[in-house]
Amino acid sequence: MDAIERVAKWFETGQKVVVITGAGVSTESGIPDFRSAEGLYSEDTEQGVPMEEVLSASFFNDHPKDFYRIYNEKLLFPDACPNTGHLFLKQLEDKGHEVTVITQNIDGLHQKAGNTRILELHGNASTVITESGSMTSLDEAVRHENELRVKGEWARPAITLYGEALDREVLQKSVQAVSEADILLVMGTSLNVYPAAGLIYDYKGDKSALINREGTPLNTAFSYVFHRPIGEWIEELQRYLIAE
């Protein structure tokens with residue numbers, strides 16, 4: 001029995017499935033990742049500023065016009081559709097598994113795929129939060145060159161920028177979900193960003209798999225590691241699931 005068949009066997013008894021996803025899940029939907037050699041962080045803006053700096057709280061506060069131009073050009077993908085990876089997680093839920101998706105992505109594709117338990121560690125680029133704390137869709141906001149307004153009130157994208165803390169409630173729920181999981185899948189992330197990467201240490205079981213094209217600093221923490229495209233890996237896994 002090979003490794004992927006052993007993983008398929010987990011789903012015969014594992015009810016609670018937690019999946020931590022990163023940018024590699026969305027690249028197959030045409031959304032560029034951040035940390036690869038061709039990713040967004042390798043780009044400089046027209047002003048010569050690295051993308052990682054653009055996505056910081058200080059840049060947002062000091063250069064709102066430049067931030068919103070890049071936000072509109074680089075962070076919003078309204079036409080992107082869920083791919084095999086996203087749809088697989090919805091299929092697991094439809095089969096009766098309790099699936100919790102913890103994502104570092106801000107593209108909203110897990111919602112489009114239909115999963116119901118989604119914890120967005122870094123927020124959602126298509127959602128805005130007003131100065132008074134109300135959350136609403138970006139479609140409800142009036143976009144100006146250097147700001148957003150919702151019913152006249154100042155608003156901003158509901159994403160966590162560098163220099164800002166993650167939402168404490170979302171992080172706590174993520175820790176709890178991982179600690180209670182029967183199966184832990186980590187898909188499409190380099191596991192270089194904390195505290196998201198540290199969530200794997202809250203897992204108490206022995207059914208964990210990492211699926212990522214490249215190696216990570218935490219490979220040894222998993223029962224199985226697969227350095228393959230996510231869609232390809234899922235297609236093979238599903239052959240075993242269907243056979244059962």
# chains A, B, ... in the order shown; residues from 1 in each chain; ligands from 1
call {"tool": "residues_around", "arguments": {"residues": "region 108-121 of chain A", "least_positions_apart": "5", "cutoff": "7 Å", "atoms": "only C-alpha atoms", "output": "PDB file with N, CA and C atoms, in the first residue's frame"}}
result
ATOM      1  N   CYS A  81     -12.066  31.243 -10.314  1.00  0.00           N
ATOM      2  CA  CYS A  81     -12.999  30.178  -9.916  1.00  0.00           C
ATOM      3  C   CYS A  81     -12.269  29.124  -9.088  1.00  0.00           C
ATOM      4  N   PRO A  82     -12.986  28.462  -8.190  1.00  0.00           N
ATOM      5  CA  PRO A  82     -12.378  27.376  -7.406  1.00  0.00           C
ATOM      6  C   PRO A  82     -11.836  26.287  -8.321  1.00  0.00           C
ATOM      7  N   HIS A  86      -9.967  23.299  -4.086  1.00  0.00           N
ATOM      8  CA  HIS A  86     -11.093  23.882  -3.345  1.00  0.00           C
ATOM      9  C   HIS A  86     -12.311  22.950  -3.380  1.00  0.00           C
ATOM     10  N   LEU A  87     -12.602  22.432  -4.553  1.00  0.00           N
ATOM     11  CA  LEU A  87     -13.801  21.616  -4.720  1.00  0.00           C
ATOM     12  C   LEU A  87     -13.706  20.295  -3.967  1.00  0.00           C
ATOM     13  N   LYS A  90     -14.901  20.764  -0.441  1.00  0.00           N
ATOM     14  CA  LYS A  90     -16.362  20.813  -0.405  1.00  0.00           C
ATOM     15  C   LYS A  90     -16.947  19.407  -0.546  1.00  0.00           C
ATOM     16  N   VAL A  99     -15.484  19.400   8.049  1.00  0.00           N
ATOM     17  CA  VAL A  99     -14.286  19.988   7.452  1.00  0.00           C
ATOM     18  C   VAL A  99     -14.144  21.449   7.892  1.00  0.00           C
ATOM     19  N   THR A 100     -13.016  21.756   8.509  1.00  0.00           N
ATOM     20  CA  THR A 100     -12.692  23.138   8.847  1.00  0.00           C
ATOM     21  C   THR A 100     -11.510  23.568   7.996  1.00  0.00           C
ATOM     22  N   VAL A 101     -11.692  24.631   7.235  1.00  0.00           N
ATOM     23  CA  VAL A 101     -10.629  25.164   6.392  1.00  0.00           C
ATOM     24  C   VAL A 101     -10.034  26.382   7.086  1.00  0.00           C
ATOM     25  N   ILE A 102      -8.750  26.301   7.369  1.00  0.00           N
ATOM     26  CA  ILE A 102      -8.005  27.436   7.922  1.00  0.00           C
ATOM     27  C   ILE A 102      -7.111  27.943   6.804  1.00  0.00           C
ATOM     28  N   THR A 103      -7.363  29.142   6.324  1.00  0.00           N
ATOM     29  CA  THR A 103      -6.642  29.596   5.144  1.00  0.00           C
ATOM     30  C   THR A 103      -5.862  30.875   5.398  1.00  0.00           C
ATOM     31  N   LEU A 166      -2.911  39.273  13.947  1.00  0.00           N
ATOM     32  CA  LEU A 166      -4.021  38.484  13.444  1.00  0.00           C
ATOM     33  C   LEU A 166      -5.214  38.629  14.379  1.00  0.00           C
ATOM     34  N   VAL A 170     -10.183  34.453  15.566  1.00  0.00           N
ATOM     35  CA  VAL A 170      -9.942  33.519  14.467  1.00  0.00           C
ATOM     36  C   VAL A 170      -8.780  32.592  14.804  1.00  0.00           C
ATOM     37  N   LEU A 171      -7.736  33.151  15.390  1.00  0.00           N
ATOM     38  CA  LEU A 171      -6.573  32.336  15.751  1.00  0.00           C
ATOM     39  C   LEU A 171      -6.931  31.315  16.828  1.00  0.00           C
ATOM     40  N   SER A 174      -8.854  28.543  15.346  1.00  0.00           N
ATOM     41  CA  SER A 174      -7.976  27.708  14.535  1.00  0.00           C
ATOM     42  C   SER A 174      -7.212  26.720  15.406  1.00  0.00           C
TER      43      SER A 174
END
call {"tool": "closest_residue", "arguments": {"among": "A:Ser137, A:Ser179, A:Asn105, A:Ser126", "to": "Ala23 (chain A)", "atoms": "only C-alpha atoms"}}
result
A:Asn105
call {"tool": "residues_around", "arguments": {"residues": "Asp2 (chain A)", "least_positions_apart": "3", "cutoff": "12 Å", "atoms": "only C-alpha atoms", "output": "MDAnalysis selection string"}}
result
chainID A and resid 5:9 224 226 236:237 240
call {"tool": "closest_residue", "arguments": {"among": "A:Glu153, A:Asp139, A:Glu164, A:Asp79", "to": "Asp107 (chain A)", "atoms": "only C-alpha atoms"}}
result
A:Asp79
call {"tool": "residues_around", "arguments": {"residues": "Glu232 (chain A)", "least_positions_apart": "6", "cutoff": "12 Å", "atoms": "only C-alpha atoms", "output": "VMD selection string"}}
result
chain A and resid 4 25 28 83 to 85 88 211 to 213 226 238 to 239
call {"tool": "select_by_dssp", "arguments": {"residues": "region 39-186 of chain A", "states": "strand (DSSP E or B)", "output": "PyMOL selection string"}}
result
chain A and resi 44+50+56+98-103+118-120+123-130+135-137+142-143+148-150+153-159+162+183-186
call {"tool": "closest_residue", "arguments": {"among": "A:Val150, A:Val193, A:Leu161, A:Ala125", "to": "Val54 (chain A)", "atoms": "only C-alpha atoms"}}
result
A:Leu161
call {"tool": "closest_residue", "arguments": {"among": "A:Leu55, A:Ala80, A:Val186, A:Met135", "to": "His122 (chain A)", "atoms": "only C-alpha atoms"}}
result
A:Leu55
call {"tool": "residues_around", "arguments": {"residues": "Arg143 (chain A)", "least_positions_apart": "4", "cutoff": "12 Å", "atoms": "only C-alpha atoms", "output": "list of chain:residue names"}}
result
A:Lys65, A:Tyr68, A:Arg69, A:Tyr71, A:Asn72, A:Val128, A:Leu138, A:Asp139, A:Glu147, A:Leu148, A:Arg149, A:Val150, A:Lys151, A:Gly152, A:Glu153, A:Trp154, A:Ala155, A:Arg156, A:Pro157
call {"tool": "write_last_selection", "arguments": {"atoms": "C-alpha atoms", "output": "short mmCIF file (atom, residue, chain, number, x, y, z; two decimals), in the first residue's frame"}}
result
data_model
loop_
_atom_site.label_atom_id
_atom_site.label_comp_id
_atom_site.auth_asym_id
_atom_site.auth_seq_id
_atom_site.Cartn_x
_atom_site.Cartn_y
_atom_site.Cartn_z
CA LYS A 65 -3.09 56.09 -3.19
CA TYR A 68 -5.12 51.11 -3.43
CA ARG A 69 -3.77 51.07 -6.97
CA TYR A 71 -4.65 46.43 -4.19
CA ASN A 72 -6.96 46.79 -7.20
CA VAL A 128 -14.13 45.80 3.93
CA LEU A 138 -16.32 45.48 -1.23
CA ASP A 139 -19.18 45.78 -3.73
CA GLU A 147 -9.77 55.46 0.32
CA LEU A 148 -12.97 53.45 0.59
CA ARG A 149 -16.30 54.70 1.92
CA VAL A 150 -19.37 52.78 3.06
CA LYS A 151 -22.44 54.98 3.49
CA GLY A 152 -20.09 57.91 3.94
CA GLU A 153 -17.99 56.17 6.58
CA TRP A 154 -14.27 55.53 6.08
CA ALA A 155 -13.44 51.89 5.45
CA ARG A 156 -10.49 49.71 4.52
CA PRO A 157 -9.90 46.22 3.11
#
call {"tool": "atom_distance", "arguments": {"atom1": "CA of Ile31 (chain A)", "atom2": "CA of Ile230 (chain A)"}}
result
14.3 Å
call {"tool": "atom_distance", "arguments": {"atom1": "CA of Ser26 (chain A)", "atom2": "CA of Gly188 (chain A)"}}
result
8.2 Å
call {"tool": "select_by_dssp", "arguments": {"residues": "region 46-79 of chain A", "states": "helix (DSSP H, G or I)", "output": "PyMOL selection string"}}
result
chain A and resi 51-54+57-62+64-75
call {"tool": "closest_residue", "arguments": {"among": "A:Pro195, A:Gly96, A:Gly133, A:Pro50", "to": "Gln15 (chain A)", "atoms": "only C-alpha atoms"}}
result
A:Gly96
